[in-house]
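Here is the file upload-v7.txt (compact mmCIF, C-alpha atoms).
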# COMPACT_ATOMS: atom_id res chain seq x y z
CA MET A 145 26.13 8.80 -15.11
CA LEU A 146 29.47 8.66 -16.95
CA ILE A 147 29.75 12.46 -16.95
CA THR A 148 29.02 12.52 -13.22
CA ARG A 149 31.69 9.87 -12.58
CA ILE A 150 34.24 11.82 -14.59
CA LEU A 151 33.45 15.12 -12.86
CA THR A 152 33.70 13.52 -9.43
CA ALA A 153 37.03 11.91 -10.37
CA LEU A 154 38.34 15.27 -11.62
CA VAL A 155 37.69 16.68 -8.15
CA LEU A 156 38.91 13.72 -6.08
CA LEU A 157 42.13 12.90 -7.94
CA PRO A 158 43.76 16.37 -7.62
CA LEU A 159 42.69 16.46 -3.96
CA MET A 160 44.30 13.08 -3.32
CA LEU A 161 47.51 14.03 -5.12
CA ALA A 162 47.72 17.37 -3.31
CA ALA A 163 47.33 15.65 0.05
CA LEU A 164 49.83 12.95 -0.89
CA PHE A 165 52.59 15.30 -2.02
CA LEU A 166 51.98 18.47 -0.03
CA PHE A 167 50.45 17.63 3.35
CA PRO A 168 52.75 17.36 6.37
CA ALA A 169 52.67 14.08 8.26
CA ALA A 170 49.95 15.09 10.76
CA ALA A 171 47.65 16.47 8.07
CA TRP A 172 48.21 13.36 5.95
CA ALA A 173 47.30 11.15 8.94
CA GLY A 174 44.08 13.10 9.42
CA PHE A 175 43.22 13.11 5.73
CA SER A 176 43.82 9.38 5.33
CA TRP A 177 41.84 8.68 8.50
CA LEU A 178 38.90 10.62 7.07
CA ILE A 179 38.92 8.27 4.08
CA VAL A 180 39.09 5.20 6.29
CA VAL A 181 36.49 6.30 8.83
CA LEU A 182 33.98 7.11 6.09
CA ALA A 183 34.46 3.62 4.67
CA LEU A 184 34.13 2.22 8.19
CA TRP A 185 30.84 4.11 8.61
CA GLU A 186 29.55 2.58 5.38
CA TYR A 187 30.64 -0.86 6.54
CA ALA A 188 28.82 -0.34 9.86
CA ARG A 189 25.65 0.43 7.96
CA MET A 190 26.06 -2.71 5.82
CA VAL A 191 26.31 -4.99 8.85
CA GLY A 192 23.17 -3.44 10.31
CA MET A 193 24.51 -1.47 13.26
CA SER A 194 21.96 0.87 14.80
CA LEU A 195 22.68 4.60 14.73
CA PRO A 196 23.81 4.73 18.38
CA ARG A 197 26.13 1.77 17.81
CA GLN A 198 27.49 3.33 14.64
CA ALA A 199 28.29 6.50 16.58
CA CYS A 200 29.98 4.51 19.35
CA TYR A 201 31.90 2.38 16.85
CA LEU A 202 33.22 5.34 14.89
CA ALA A 203 34.05 7.29 18.05
CA LEU A 204 36.04 4.38 19.48
CA SER A 205 37.78 3.89 16.15
CA THR A 206 38.75 7.56 15.96
CA LEU A 207 39.97 7.58 19.57
CA PHE A 208 42.15 4.58 18.76
CA ALA A 209 43.53 6.30 15.64
CA ALA A 210 44.32 9.44 17.64
CA ALA A 211 46.05 7.41 20.34
CA ALA A 212 48.01 5.51 17.70
CA TRP A 213 49.15 8.70 16.03
CA PHE A 214 50.15 10.59 19.16
CA GLY A 215 51.62 7.46 20.72
CA HIS A 216 53.65 6.70 17.58
CA TRP A 217 52.17 3.20 17.44
CA ARG A 218 52.96 1.06 14.42
CA MET A 219 51.95 -2.45 13.45
CA GLN A 220 54.30 -5.20 14.57
CA GLY A 221 55.23 -8.59 13.15
CA PHE A 222 52.30 -10.47 14.67
CA GLU A 223 49.77 -7.95 13.38
CA HIS A 224 51.30 -8.05 9.91
CA GLY A 225 51.12 -11.85 9.98
CA ALA A 226 47.45 -11.63 10.93
CA VAL A 227 46.84 -9.25 8.00
CA LEU A 228 48.39 -11.73 5.57
CA ALA A 229 46.32 -14.56 7.04
CA LEU A 230 43.17 -12.45 6.68
CA TRP A 231 43.64 -11.48 3.04
CA LEU A 232 45.44 -14.56 1.71
CA LEU A 233 43.50 -17.26 3.58
CA LEU A 234 40.34 -16.07 5.32
CA VAL A 235 38.94 -13.77 2.63
CA PRO A 236 39.35 -16.30 -0.24
CA ALA A 237 37.65 -18.92 1.96
CA TRP A 238 34.89 -16.42 2.80
CA LEU A 239 34.26 -15.78 -0.87
CA ALA A 240 34.35 -19.47 -1.78
CA LYS A 241 31.94 -20.44 1.00
CA ARG A 242 29.91 -17.23 0.78
CA TRP A 243 29.65 -16.94 4.54
CA LYS A 244 27.05 -14.63 6.01
CA MET A 245 27.98 -11.20 7.26
CA PRO A 246 28.79 -11.15 10.98
CA SER A 247 26.89 -9.20 13.60
CA GLY A 248 27.63 -7.93 17.07
CA LEU A 249 31.22 -8.04 18.30
CA PRO A 250 32.51 -10.15 15.35
CA ALA A 251 31.24 -7.43 12.99
CA TRP A 252 33.07 -4.75 14.98
CA LEU A 253 36.29 -6.76 14.93
CA LEU A 254 36.05 -7.56 11.23
CA GLY A 255 35.60 -3.88 10.33
CA TRP A 256 38.69 -2.96 12.30
CA ALA A 257 40.64 -5.85 10.76
CA LEU A 258 39.73 -4.63 7.26
CA MET A 259 40.22 -0.90 7.70
CA LEU A 260 42.83 -0.20 10.38
CA PRO A 261 45.77 -1.98 8.66
CA ALA A 262 45.07 0.10 5.55
CA TRP A 263 45.28 3.31 7.59
CA PHE A 264 48.56 2.21 9.15
CA ALA A 265 49.79 1.43 5.64
CA PHE A 266 48.92 4.97 4.53
CA LEU A 267 51.16 6.23 7.32
CA GLU A 268 53.99 3.73 6.99
CA TRP A 269 54.33 3.90 3.21
CA ARG A 270 54.45 7.69 3.42
CA PRO A 271 56.01 8.70 6.79
CA ASP A 272 56.49 12.33 5.71
CA ALA A 273 56.11 14.60 2.72
CA MET A 274 59.37 13.52 1.09
CA THR A 275 58.90 13.10 -2.65
CA HIS A 276 60.15 9.53 -2.81
CA ASP A 277 57.88 8.38 0.04
CA ALA A 278 54.91 9.88 -1.74
CA LEU A 279 55.92 8.30 -5.04
CA ALA A 280 56.22 4.87 -3.42
CA LEU A 281 52.71 5.08 -2.00
CA LEU A 282 51.38 6.45 -5.28
CA ALA A 283 52.94 3.48 -7.08
CA VAL A 284 51.12 1.04 -4.78
CA MET A 285 47.81 2.85 -5.19
CA GLY A 286 48.40 3.05 -8.94
CA LEU A 287 48.61 -0.74 -9.11
CA VAL A 288 45.10 -0.95 -7.73
CA TRP A 289 43.75 1.67 -10.11
CA VAL A 290 45.40 0.03 -13.13
CA ALA A 291 44.04 -3.39 -12.13
CA ASP A 292 40.53 -2.01 -11.63
CA ILE A 293 40.40 -0.08 -14.91
CA ALA A 294 41.99 -2.88 -16.94
CA ALA A 295 39.63 -5.48 -15.46
CA TYR A 296 36.62 -3.32 -16.29
CA PHE A 297 37.52 -2.71 -19.93
CA SER A 298 38.90 -6.21 -20.56
CA GLY A 299 35.75 -7.68 -19.08
CA LYS A 300 33.56 -5.45 -21.20
CA ALA A 301 35.45 -6.32 -24.37
CA PHE A 302 36.23 -10.00 -23.89
CA GLY A 303 34.27 -11.21 -20.86
CA ARG A 304 32.78 -14.68 -21.33
CA ARG A 305 33.45 -16.76 -18.24
CA LYS A 306 32.02 -15.39 -15.01
CA LEU A 307 34.46 -15.01 -12.15
CA ALA A 308 32.00 -15.13 -9.24
CA PRO A 309 28.43 -14.99 -10.59
CA ALA A 310 26.81 -15.44 -7.18
CA ILE A 311 28.74 -12.46 -5.80
CA SER A 312 29.37 -10.05 -8.69
CA PRO A 313 27.85 -11.21 -12.00
CA GLY A 314 29.60 -8.48 -14.00
CA LYS A 315 33.12 -9.69 -13.29
CA SER A 316 34.83 -12.20 -15.58
CA TRP A 317 38.03 -14.21 -15.77
CA GLU A 318 38.94 -12.33 -18.93
CA GLY A 319 38.79 -9.13 -16.91
CA VAL A 320 41.24 -10.64 -14.42
CA TYR A 321 43.60 -11.67 -17.22
CA GLY A 322 43.50 -8.15 -18.64
CA ALA A 323 44.26 -6.76 -15.18
CA VAL A 324 47.27 -9.07 -14.79
CA VAL A 325 48.72 -8.03 -18.16
CA CYS A 326 48.24 -4.32 -17.57
CA VAL A 327 49.60 -4.51 -14.02
CA ALA A 328 52.72 -6.27 -15.35
CA ILE A 329 53.27 -3.44 -17.84
CA TYR A 330 52.63 -0.88 -15.11
CA VAL A 331 55.10 -2.51 -12.70
CA ALA A 332 57.78 -2.54 -15.41
CA LEU A 333 57.25 1.20 -15.95
CA VAL A 334 57.28 1.98 -12.23
CA ASP A 335 60.49 0.00 -11.81
CA HIS A 336 62.05 1.81 -14.77
CA PHE A 337 61.28 5.22 -13.26
CA GLY A 338 62.51 4.14 -9.83
CA TRP A 339 59.36 4.94 -7.88
CA LEU A 340 59.70 1.93 -5.57
CA ASP A 341 62.70 1.48 -3.31
CA ILE A 342 62.43 -2.32 -3.30
CA LYS A 343 65.53 -4.42 -3.68
CA LEU A 344 64.08 -6.94 -6.11
CA PRO A 345 64.88 -7.55 -9.78
CA LEU A 346 62.14 -6.85 -12.29
CA TRP A 347 61.11 -10.50 -12.49
CA GLY A 348 60.73 -10.51 -8.70
CA LEU A 349 58.52 -7.43 -8.81
CA LEU A 350 56.39 -9.03 -11.53
CA LEU A 351 55.97 -12.17 -9.45
CA LEU A 352 55.01 -10.03 -6.47
CA ALA A 353 52.48 -8.13 -8.55
CA LEU A 354 50.51 -11.33 -9.27
CA PRO A 355 49.33 -11.99 -5.69
CA LEU A 356 48.76 -8.27 -5.15
CA THR A 357 46.47 -8.24 -8.19
CA ALA A 358 44.65 -11.27 -6.78
CA VAL A 359 44.32 -9.49 -3.42
CA SER A 360 42.91 -6.46 -5.23
CA VAL A 361 40.25 -8.63 -6.86
CA CYS A 362 39.44 -10.28 -3.51
CA GLY A 363 38.98 -6.89 -1.86
CA ASP A 364 36.54 -5.89 -4.57
CA LEU A 365 34.62 -9.17 -4.37
CA LEU A 366 34.42 -9.08 -0.58
CA GLU A 367 32.72 -5.69 -0.59
CA SER A 368 30.44 -6.86 -3.40
CA TRP A 369 29.43 -9.80 -1.21
CA PHE A 370 28.80 -7.48 1.74
CA LYS A 371 26.56 -5.30 -0.42
CA ARG A 372 24.71 -8.29 -1.87
CA SER A 373 24.18 -9.66 1.64
CA ALA A 374 22.89 -6.28 2.79
CA GLY A 375 20.67 -5.89 -0.28
CA ILE A 376 22.20 -2.62 -1.44
CA LYS A 377 23.84 -1.48 -4.68
CA ASP A 378 26.34 1.06 -3.30
CA SER A 379 27.95 1.43 0.11
CA SER A 380 26.53 4.99 0.21
CA ARG A 381 25.92 7.98 -2.05
CA LEU A 382 28.73 10.18 -0.79
CA LEU A 383 30.54 10.25 -4.16
CA PRO A 384 28.23 11.17 -7.07
CA GLY A 385 28.51 8.62 -9.84
CA HIS A 386 30.82 6.40 -7.77
CA GLY A 387 28.68 5.31 -4.85
CA GLY A 388 30.45 5.36 -1.52
CA VAL A 389 33.99 5.66 -0.22
CA TYR A 390 34.17 1.93 0.52
CA ASP A 391 33.15 1.30 -3.10
CA ARG A 392 36.24 3.25 -4.20
CA ILE A 393 38.74 1.77 -1.76
CA ASP A 394 37.56 -1.83 -1.43
CA SER A 395 40.57 -3.11 -3.39
CA LEU A 396 42.91 -0.42 -2.09
CA ILE A 397 42.54 -1.34 1.59
CA ALA A 398 43.47 -4.94 0.75
CA VAL A 399 46.53 -4.13 -1.35
CA LEU A 400 47.79 -1.46 1.04
CA ALA A 401 47.53 -3.79 4.03
CA VAL A 402 49.16 -6.76 2.29
CA SER A 403 51.95 -4.77 0.62
CA ASN A 404 52.77 -3.04 3.90
CA ALA A 405 52.84 -6.38 5.71
CA LEU A 406 55.13 -7.91 3.09
CA ARG A 407 57.45 -4.93 3.26
CA ALA A 408 57.57 -5.01 7.05
CA LEU A 409 58.24 -8.74 7.14
CA GLY A 410 61.03 -8.47 4.57
CA GLY A 411 59.20 -9.56 1.46
CA MET A 412 59.41 -6.16 -0.26

How does this structure look as structure tokens?
Amino acid sequence: MLITRILTALVLLPLMLAALFLFPAAAWAGFSWLIVVLALWEYARMVGMSLPRQACYLALSTLFAAAAWFGHWRMQGFEHGAVLALWLLLVPAWLAKRWKMPSGLPAWLLGWALMLPAWFAFLEWRPDAMTHDALALLAVMGLVWVADIAAYFSGKAFGRRKLAPAISPGKSWEGVYGAVVCVAIYVALVDHFGWLDIKLPLWGLLLLALPLTAVSVCGDLLESWFKRSAGIKDSSRLLPGHGGVYDRIDSLIAVLAVSNALRALGGM
């Protein structure tokens, strides 16, 4: 399994970096939408949509994305405020109360609320193929990857106290602490190399990294709760050794949406 995970990562990472740094804006929009729509398909399966409804849901989602791209639509202040309310208030409450997965129209709306802001963030963090735009988005994505890897190894080495045993028994508070420490080191390095064009001192960036790390953990836990509710281990088997696309971007969609909202509203 480990070899399979490594081989898959060796294919996916160069592909992602090539798209990030080389694709023109339209190709990047299409590539990032492919990532999001695959995760949206996996989500639709989790909430129990029938095949015809899945097809309708994904078709409507793709039509909206196409209209947004060609119409030059971007998220506005109200939408960004709703994103912050979702990830900073609603999702923590959902995890604490362990609410059931929605069905019908609420399920459709929740999927869009989770996935569409992340796609807009892909576009708005990286409006074109300029090197600095790509580096800024890579820095945000890197925070998620560092948090995820650090939490895994810290949890394996030092994990004692369970973070959310009813949702994801393998996660521990020690894993979270390890993620916070490693993210702080990562942010200091990113700031030193000037990847982020954010007018904040280092201590401000470190303070900002704390809630983003928490949001990353919440994104991971939310998908874990969806899978537990649906009685499945992985969102799909699209990525050998890694499960599904949603499994790989569960934290990323949260951090992208929140960081983009903070930046748009003047917090970054």

Centre and size of axis-aligned box enclosing region 290-302 of chain A plus 6 Å each side, as lines of an AutoDock Vina configuration file:
center_x = 39.5
center_y = -5.0
center_z = -18.0
size_x = 23.8
size_y = 22.0
size_z = 24.7

Item to check | Test item: which residues lie within 10 Å of (27.9, -10.7, -16.1) counting only C-alpha atoms, as an NGL selection string | outcome: :A and (299-300 or 303-309 or 312-316)

Checklist entry - Using only C-alpha atoms, can you list as JSON, numbers by chain the residues within 12 Å of (57.2, 15.3, -0.6)? => result {"A": [161, 162, 163, 164, 165, 166, 167, 168, 169, 172, 270, 271, 272, 273, 274, 275, 276, 277, 278, 279, 280, 281, 282]}

Checklist entry - Can you tell me, as a PyMOL selection string, what residues are no more than 12 Å from Val359 (chain A) when counting only C-alpha atoms, ignoring any on the same chain fewer than 5 positions away? => result chain A and resi 227-236+287-288+291-292+320+324+352-354+364-366+394-403

Checklist entry - Which residues, written as JSON, numbers by chain, have at least one atom at most 7 Å from region 213-221 of chain A, with only C-alpha atoms counted and residues fewer than 3 positions away on the same chain left out? => result {"A": [209, 210, 224, 225, 264, 409]}

Item to check | Nearest residue to Ala332 (chain A) from the set A:Ala283, A:Ala374, A:Trp177, A:Trp289 (distances using all atoms listed in the file) | outcome: A:Ala283

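Ranking A:Ala212, A:Ala262, A:Leu382, A:Leu254 by their shortest atom-to-atom distance to Val180 (chain A), with all atoms listed in the file included, puts A:Ala262 first.
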
Working from the structure I just supplied, which lacks atoms in region 376-393 of chain A, can you model N, CA and C atoms there and output them as a PDB file, in the coordinates of the input?
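Heads up, here's the output in result_32.pdb:
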ATOM      1  N   ILE A 376      22.003  -3.985  -0.961  1.00  0.00           N
ATOM      2  CA  ILE A 376      22.200  -2.620  -1.440  1.00  0.00           C
ATOM      3  C   ILE A 376      23.101  -2.639  -2.674  1.00  0.00           C
ATOM      4  N   LYS A 377      23.022  -1.571  -3.472  1.00  0.00           N
ATOM      5  CA  LYS A 377      23.840  -1.480  -4.680  1.00  0.00           C
ATOM      6  C   LYS A 377      25.166  -0.792  -4.404  1.00  0.00           C
ATOM      7  N   ASP A 378      25.143   0.286  -3.613  1.00  0.00           N
ATOM      8  CA  ASP A 378      26.340   1.060  -3.300  1.00  0.00           C
ATOM      9  C   ASP A 378      26.486   1.151  -1.788  1.00  0.00           C
ATOM     10  N   SER A 379      27.724   1.329  -1.333  1.00  0.00           N
ATOM     11  CA  SER A 379      27.950   1.430   0.110  1.00  0.00           C
ATOM     12  C   SER A 379      27.341   2.716   0.675  1.00  0.00           C
ATOM     13  N   SER A 380      27.241   3.761  -0.135  1.00  0.00           N
ATOM     14  CA  SER A 380      26.530   4.990   0.210  1.00  0.00           C
ATOM     15  C   SER A 380      26.418   5.829  -1.057  1.00  0.00           C
ATOM     16  N   ARG A 381      26.006   7.066  -0.908  1.00  0.00           N
ATOM     17  CA  ARG A 381      25.920   7.980  -2.050  1.00  0.00           C
ATOM     18  C   ARG A 381      26.803   9.203  -1.835  1.00  0.00           C
ATOM     19  N   LEU A 382      27.867   9.043  -1.098  1.00  0.00           N
ATOM     20  CA  LEU A 382      28.730  10.180  -0.790  1.00  0.00           C
ATOM     21  C   LEU A 382      29.438  10.724  -2.026  1.00  0.00           C
ATOM     22  N   LEU A 383      29.770   9.852  -2.979  1.00  0.00           N
ATOM     23  CA  LEU A 383      30.540  10.250  -4.160  1.00  0.00           C
ATOM     24  C   LEU A 383      29.646  10.131  -5.398  1.00  0.00           C
ATOM     25  N   PRO A 384      29.143  11.231  -5.921  1.00  0.00           N
ATOM     26  CA  PRO A 384      28.230  11.170  -7.070  1.00  0.00           C
ATOM     27  C   PRO A 384      28.832  10.392  -8.235  1.00  0.00           C
ATOM     28  N   GLY A 385      28.062   9.426  -8.712  1.00  0.00           N
ATOM     29  CA  GLY A 385      28.510   8.620  -9.840  1.00  0.00           C
ATOM     30  C   GLY A 385      29.404   7.458  -9.466  1.00  0.00           C
ATOM     31  N   HIS A 386      29.891   7.442  -8.211  1.00  0.00           N
ATOM     32  CA  HIS A 386      30.820   6.400  -7.770  1.00  0.00           C
ATOM     33  C   HIS A 386      30.288   5.576  -6.611  1.00  0.00           C
ATOM     34  N   GLY A 387      29.184   5.999  -6.018  1.00  0.00           N
ATOM     35  CA  GLY A 387      28.680   5.310  -4.850  1.00  0.00           C
ATOM     36  C   GLY A 387      29.310   5.860  -3.586  1.00  0.00           C
ATOM     37  N   GLY A 388      29.870   4.951  -2.788  1.00  0.00           N
ATOM     38  CA  GLY A 388      30.450   5.360  -1.520  1.00  0.00           C
ATOM     39  C   GLY A 388      31.961   5.295  -1.508  1.00  0.00           C
ATOM     40  N   VAL A 389      32.538   5.703  -0.376  1.00  0.00           N
ATOM     41  CA  VAL A 389      33.990   5.660  -0.220  1.00  0.00           C
ATOM     42  C   VAL A 389      34.484   4.219  -0.218  1.00  0.00           C
ATOM     43  N   TYR A 390      33.769   3.340   0.489  1.00  0.00           N
ATOM     44  CA  TYR A 390      34.170   1.930   0.520  1.00  0.00           C
ATOM     45  C   TYR A 390      34.136   1.337  -0.889  1.00  0.00           C
ATOM     46  N   ASP A 391      33.187   1.758  -1.710  1.00  0.00           N
ATOM     47  CA  ASP A 391      33.150   1.300  -3.100  1.00  0.00           C
ATOM     48  C   ASP A 391      34.435   1.651  -3.842  1.00  0.00           C
ATOM     49  N   ARG A 392      35.032   2.780  -3.507  1.00  0.00           N
ATOM     50  CA  ARG A 392      36.240   3.250  -4.200  1.00  0.00           C
ATOM     51  C   ARG A 392      37.510   2.653  -3.627  1.00  0.00           C
ATOM     52  N   ILE A 393      37.492   2.242  -2.369  1.00  0.00           N
ATOM     53  CA  ILE A 393      38.740   1.770  -1.760  1.00  0.00           C
ATOM     54  C   ILE A 393      38.678   0.301  -1.353  1.00  0.00           C
TER      55      ILE A 393
END
